[in-house]
$ cat my_file-v6.cif   # mmCIF, C-alpha atoms
data_start
loop_
_atom_site.group_PDB
_atom_site.id
_atom_site.type_symbol
_atom_site.label_atom_id
_atom_site.label_comp_id
_atom_site.auth_asym_id
_atom_site.auth_seq_id
_atom_site.Cartn_x
_atom_site.Cartn_y
_atom_site.Cartn_z
ATOM 1 C CA MET F 191 2.627 34.108 -5.372
ATOM 2 C CA ILE F 192 3.653 37.586 -4.278
ATOM 3 C CA PRO F 193 1.086 39.120 -1.914
ATOM 4 C CA ARG F 194 -0.538 42.293 -3.220
ATOM 5 C CA ILE F 195 -1.309 45.181 -0.916
ATOM 6 C CA LYS F 196 -4.884 46.468 -0.834
ATOM 7 C CA THR F 197 -4.483 49.325 1.674
ATOM 8 C CA LEU F 198 -1.522 51.034 3.297
ATOM 9 C CA THR F 199 -1.480 53.491 6.204
ATOM 10 C CA ALA F 200 1.514 55.113 7.872
ATOM 11 C CA MET F 201 0.851 55.309 11.597
ATOM 12 C CA ASP F 202 2.717 56.979 14.455
ATOM 13 C CA ASN F 203 5.877 55.431 15.886
ATOM 14 C CA PHE F 204 7.072 54.127 12.485
ATOM 15 C CA LEU F 205 4.337 51.536 12.086
ATOM 16 C CA LEU F 206 2.623 50.567 8.828
ATOM 17 C CA ALA F 207 -0.915 49.191 8.797
ATOM 18 C CA VAL F 208 -1.258 46.980 5.741
ATOM 19 C CA GLU F 209 -4.158 44.981 4.330
ATOM 20 C CA PHE F 210 -3.558 42.441 1.588
ATOM 21 C CA ASP F 211 -5.857 41.223 -1.173
ATOM 22 C CA ASP F 212 -6.386 37.927 0.669
ATOM 23 C CA GLY F 213 -7.807 39.806 3.681
ATOM 24 C CA ARG F 214 -4.739 39.450 5.928
ATOM 25 C CA LYS F 215 -4.113 42.607 7.984
ATOM 26 C CA VAL F 216 -0.760 43.273 9.618
ATOM 27 C CA ILE F 217 1.113 45.958 11.486
ATOM 28 C CA TYR F 218 4.713 46.217 10.303
ATOM 29 C CA ASP F 219 7.227 47.909 12.606
ATOM 30 C CA VAL F 220 9.777 49.801 10.519
ATOM 31 C CA LYS F 221 11.924 50.736 13.563
ATOM 32 C CA GLU F 222 13.999 47.551 13.250
ATOM 33 C CA ASP F 223 14.798 48.410 9.642
ATOM 34 C CA ILE F 224 15.663 51.981 10.657
ATOM 35 C CA ASN F 225 18.068 50.642 13.303
ATOM 36 C CA ASN F 226 19.692 48.018 11.057
ATOM 37 C CA LEU F 227 19.714 49.462 7.529
ATOM 38 C CA PRO F 228 21.614 52.734 6.976
ATOM 39 C CA THR F 229 19.391 53.916 4.125
ATOM 40 C CA PHE F 230 16.277 53.595 6.309
ATOM 41 C CA ARG F 231 17.655 56.065 8.893
ATOM 42 C CA ALA F 232 16.384 58.931 6.764
ATOM 43 C CA LEU F 233 12.850 57.884 7.746
ATOM 44 C CA GLN F 234 13.714 58.966 11.279
ATOM 45 C CA ASP F 235 16.029 61.861 10.443
ATOM 46 C CA VAL F 236 13.991 63.646 7.740
ATOM 47 C CA TYR F 237 10.882 65.193 9.268
ATOM 48 C CA GLY F 238 7.682 63.906 7.670
ATOM 49 C CA LEU F 239 9.325 61.437 5.275
ATOM 50 C CA PHE F 240 7.866 58.335 6.926
ATOM 51 C CA LYS F 241 4.286 59.573 6.451
ATOM 52 C CA GLN F 242 4.968 59.998 2.699
ATOM 53 C CA VAL F 243 5.012 56.225 2.100
ATOM 54 C CA GLN F 244 3.575 55.166 -1.257
ATOM 55 C CA LEU F 245 2.459 51.947 -2.909
ATOM 56 C CA ASP F 246 3.958 51.052 -6.279
ATOM 57 C CA THR F 247 1.696 50.344 -9.256
ATOM 58 C CA SER F 248 2.156 46.564 -8.979
ATOM 59 C CA ARG F 249 1.008 46.751 -5.308
ATOM 60 C CA THR F 250 3.941 44.515 -4.311
ATOM 61 C CA CYS F 251 6.220 47.164 -2.836
ATOM 62 C CA VAL F 252 5.970 50.216 -0.614
ATOM 63 C CA TYR F 253 8.516 53.012 -0.963
ATOM 64 C CA TRP F 254 9.502 56.405 0.322
ATOM 65 C CA ASN F 255 12.103 57.444 -2.252
ATOM 66 C CA ASP F 256 14.540 55.896 -4.739
ATOM 67 C CA GLU F 257 16.612 54.370 -1.934
ATOM 68 C CA ILE F 258 14.055 53.205 0.640
ATOM 69 C CA ASP F 259 11.523 50.478 -0.109
ATOM 70 C CA LEU F 260 9.986 47.321 1.349
ATOM 71 C CA ALA F 261 8.708 44.310 -0.552
ATOM 72 C CA SER F 262 5.163 43.196 0.188
ATOM 73 C CA ASP F 263 6.274 39.633 0.932
ATOM 74 C CA SER F 264 8.523 40.889 3.760
ATOM 75 C CA ILE F 265 5.668 42.909 5.221
ATOM 76 C CA TYR F 266 3.354 39.908 4.874
ATOM 77 C CA GLU F 267 5.777 37.515 6.561
ATOM 78 C CA TYR F 268 7.199 39.718 9.315
ATOM 79 C CA GLY F 269 4.219 41.929 10.114
ATOM 80 C CA THR F 270 2.188 41.267 13.249
ATOM 81 C CA VAL F 271 -1.349 40.116 12.480
ATOM 82 C CA ALA F 272 -3.744 42.918 13.371
#

$ encode --input "my_file-v6.cif" --output "structure tokens"
Amino acid sequence: MIPRIKTLTAMDNFLLAVEFDDGRKVIYDVKEDINNLPTFRALQDVYGLFKQVQLDTSRTCVYWNDEIDLASDSIYEYGTVA
């Protein structure tokens, strides 16, 4: 089952605070993605873009624009339990 996101907060230093429907809370560090995925570099290069993160209607993906998104299962698996 794909984990659904209940709450999403963009924090300083390219961190996402995420709570899932099952109660799990994680902090996901987007810096590794920025360093390894060329499309994610815009999150660092375009002022204010990172803080504009949104949750899709299915609550299984977060996104910033048409090119930059993260699946909820990746956040769930690789986020640090808060």

$ resolve_selection --input "my_file-v6.cif" --expression "the PyMOL selection byres ((chain F and resi 249) around 10)" --output "list in words"
Ile192, Pro193, Arg194, Ile195, Lys196, Thr197, Leu198, Phe210, Asp211, Gln244, Leu245, Asp246, Thr247, Ser248, Thr250, Cys251, Val252, Ala261 and Ser262 of chain F

$ write_last_selection --input "my_file-v6.cif" --atoms "C-alpha atoms" --output "PDB file, in the coordinates of the input"
ATOM      1  CA  ILE F 192       3.653  37.586  -4.278  1.00  0.00           C
ATOM      2  CA  PRO F 193       1.086  39.120  -1.914  1.00  0.00           C
ATOM      3  CA  ARG F 194      -0.538  42.293  -3.220  1.00  0.00           C
ATOM      4  CA  ILE F 195      -1.309  45.181  -0.916  1.00  0.00           C
ATOM      5  CA  LYS F 196      -4.884  46.468  -0.834  1.00  0.00           C
ATOM      6  CA  THR F 197      -4.483  49.325   1.674  1.00  0.00           C
ATOM      7  CA  LEU F 198      -1.522  51.034   3.297  1.00  0.00           C
ATOM      8  CA  PHE F 210      -3.558  42.441   1.588  1.00  0.00           C
ATOM      9  CA  ASP F 211      -5.857  41.223  -1.173  1.00  0.00           C
ATOM     10  CA  GLN F 244       3.575  55.166  -1.257  1.00  0.00           C
ATOM     11  CA  LEU F 245       2.459  51.947  -2.909  1.00  0.00           C
ATOM     12  CA  ASP F 246       3.958  51.052  -6.279  1.00  0.00           C
ATOM     13  CA  THR F 247       1.696  50.344  -9.256  1.00  0.00           C
ATOM     14  CA  SER F 248       2.156  46.564  -8.979  1.00  0.00           C
ATOM     15  CA  THR F 250       3.941  44.515  -4.311  1.00  0.00           C
ATOM     16  CA  CYS F 251       6.220  47.164  -2.836  1.00  0.00           C
ATOM     17  CA  VAL F 252       5.970  50.216  -0.614  1.00  0.00           C
ATOM     18  CA  ALA F 261       8.708  44.310  -0.552  1.00  0.00           C
ATOM     19  CA  SER F 262       5.163  43.196   0.188  1.00  0.00           C
TER      20      SER F 262
END

$ resolve_selection --input "my_file-v6.cif" --expression "the PyMOL selection byres ((chain F and resi 235-241) around 10)" --output "ChimeraX atom specification"
/F:199-206,220,224,230-234,242-244,253-255

$ resolve_selection --input "my_file-v6.cif" --expression "the PyMOL selection byres ((chain F and resi 266) around 9)" --output "list in words"
Pro193, Val208, Phe210, Arg214, Lys215, Val216, Tyr218, Ala261, Ser262, Asp263, Ser264, Ile265, Glu267, Tyr268, Gly269, Thr270 and Val271 of chain F

$ atom_distance --input "my_file-v6.cif" --atom1 "CA of Gly213 in chain F" --atom2 "CA of Ile258 in chain F"
25.8 Å

$ axis_aligned_box --input "my_file-v6.cif" --around "range 253-272 of chain F" --padding-each-side "5 Å" --output "JSON"
{"center_x": 6.4, "center_y": 47.5, "center_z": 4.3, "size_x": 30.4, "size_y": 29.9, "size_z": 28.1}

$ decode --input "my_file-v6.cif" --residues "range 210-270 of chain F" --atoms "C-alpha atoms" --output "short mmCIF file (atom, residue, chain, number, x, y, z; two decimals), in the first residue's frame"
data_model
loop_
_atom_site.label_atom_id
_atom_site.label_comp_id
_atom_site.auth_asym_id
_atom_site.auth_seq_id
_atom_site.Cartn_x
_atom_site.Cartn_y
_atom_site.Cartn_z
CA PHE F 210 1.62 10.10 7.18
CA ASP F 211 -1.89 8.77 7.73
CA ASP F 212 -0.53 5.91 9.85
CA GLY F 213 0.99 8.42 12.30
CA ARG F 214 4.62 8.02 11.17
CA LYS F 215 6.49 11.35 11.18
CA VAL F 216 9.73 11.82 9.27
CA ILE F 217 12.19 14.49 8.27
CA TYR F 218 13.31 14.07 4.67
CA ASP F 219 16.55 15.75 3.60
CA VAL F 220 16.23 16.93 0.00
CA LYS F 221 19.90 18.04 -0.21
CA GLU F 222 21.02 14.59 -1.41
CA ASP F 223 18.51 14.75 -4.24
CA ILE F 224 19.65 18.29 -5.09
CA ASN F 225 23.26 17.08 -5.27
CA ASN F 226 22.52 13.93 -7.30
CA LEU F 227 19.59 14.78 -9.59
CA PRO F 228 20.07 17.63 -12.09
CA THR F 229 16.40 18.63 -12.14
CA PHE F 230 16.39 19.09 -8.35
CA ARG F 231 19.15 21.73 -8.51
CA ALA F 232 16.53 24.36 -9.26
CA LEU F 233 15.34 23.97 -5.66
CA GLN F 234 18.65 25.48 -4.59
CA ASP F 235 19.16 27.87 -7.50
CA VAL F 236 15.69 29.45 -7.74
CA TYR F 237 15.04 31.63 -4.70
CA GLY F 238 11.95 30.54 -2.77
CA LEU F 239 11.09 27.53 -4.93
CA PHE F 240 11.75 24.95 -2.21
CA LYS F 241 9.22 26.57 0.15
CA GLN F 242 6.55 26.29 -2.59
CA VAL F 243 6.29 22.50 -2.20
CA GLN F 244 2.78 21.12 -2.71
CA LEU F 245 0.96 17.86 -2.09
CA ASP F 246 -0.86 16.25 -5.00
CA THR F 247 -4.55 15.38 -4.71
CA SER F 248 -3.86 11.67 -4.16
CA ARG F 249 -1.56 12.59 -1.22
CA THR F 250 1.07 10.17 -2.56
CA CYS F 251 3.46 12.69 -4.10
CA VAL F 252 4.95 16.06 -3.27
CA TYR F 253 6.00 18.40 -6.08
CA TRP F 254 7.44 21.79 -6.84
CA ASN F 255 6.80 22.04 -10.58
CA ASP F 256 6.28 19.81 -13.62
CA GLU F 257 9.84 18.48 -13.40
CA ILE F 258 10.51 18.10 -9.67
CA ASP F 259 8.58 15.65 -7.50
CA LEU F 260 9.03 13.01 -4.81
CA ALA F 261 6.91 9.93 -4.24
CA SER F 262 5.51 9.44 -0.76
CA ASP F 263 6.95 5.92 -0.51
CA SER F 264 10.48 7.30 -0.98
CA ILE F 265 9.91 9.89 1.72
CA TYR F 266 8.44 7.21 3.99
CA GLU F 267 11.34 4.82 3.47
CA TYR F 268 14.29 7.22 3.43
CA GLY F 269 13.09 9.91 5.82
CA THR F 270 14.49 10.04 9.35
#
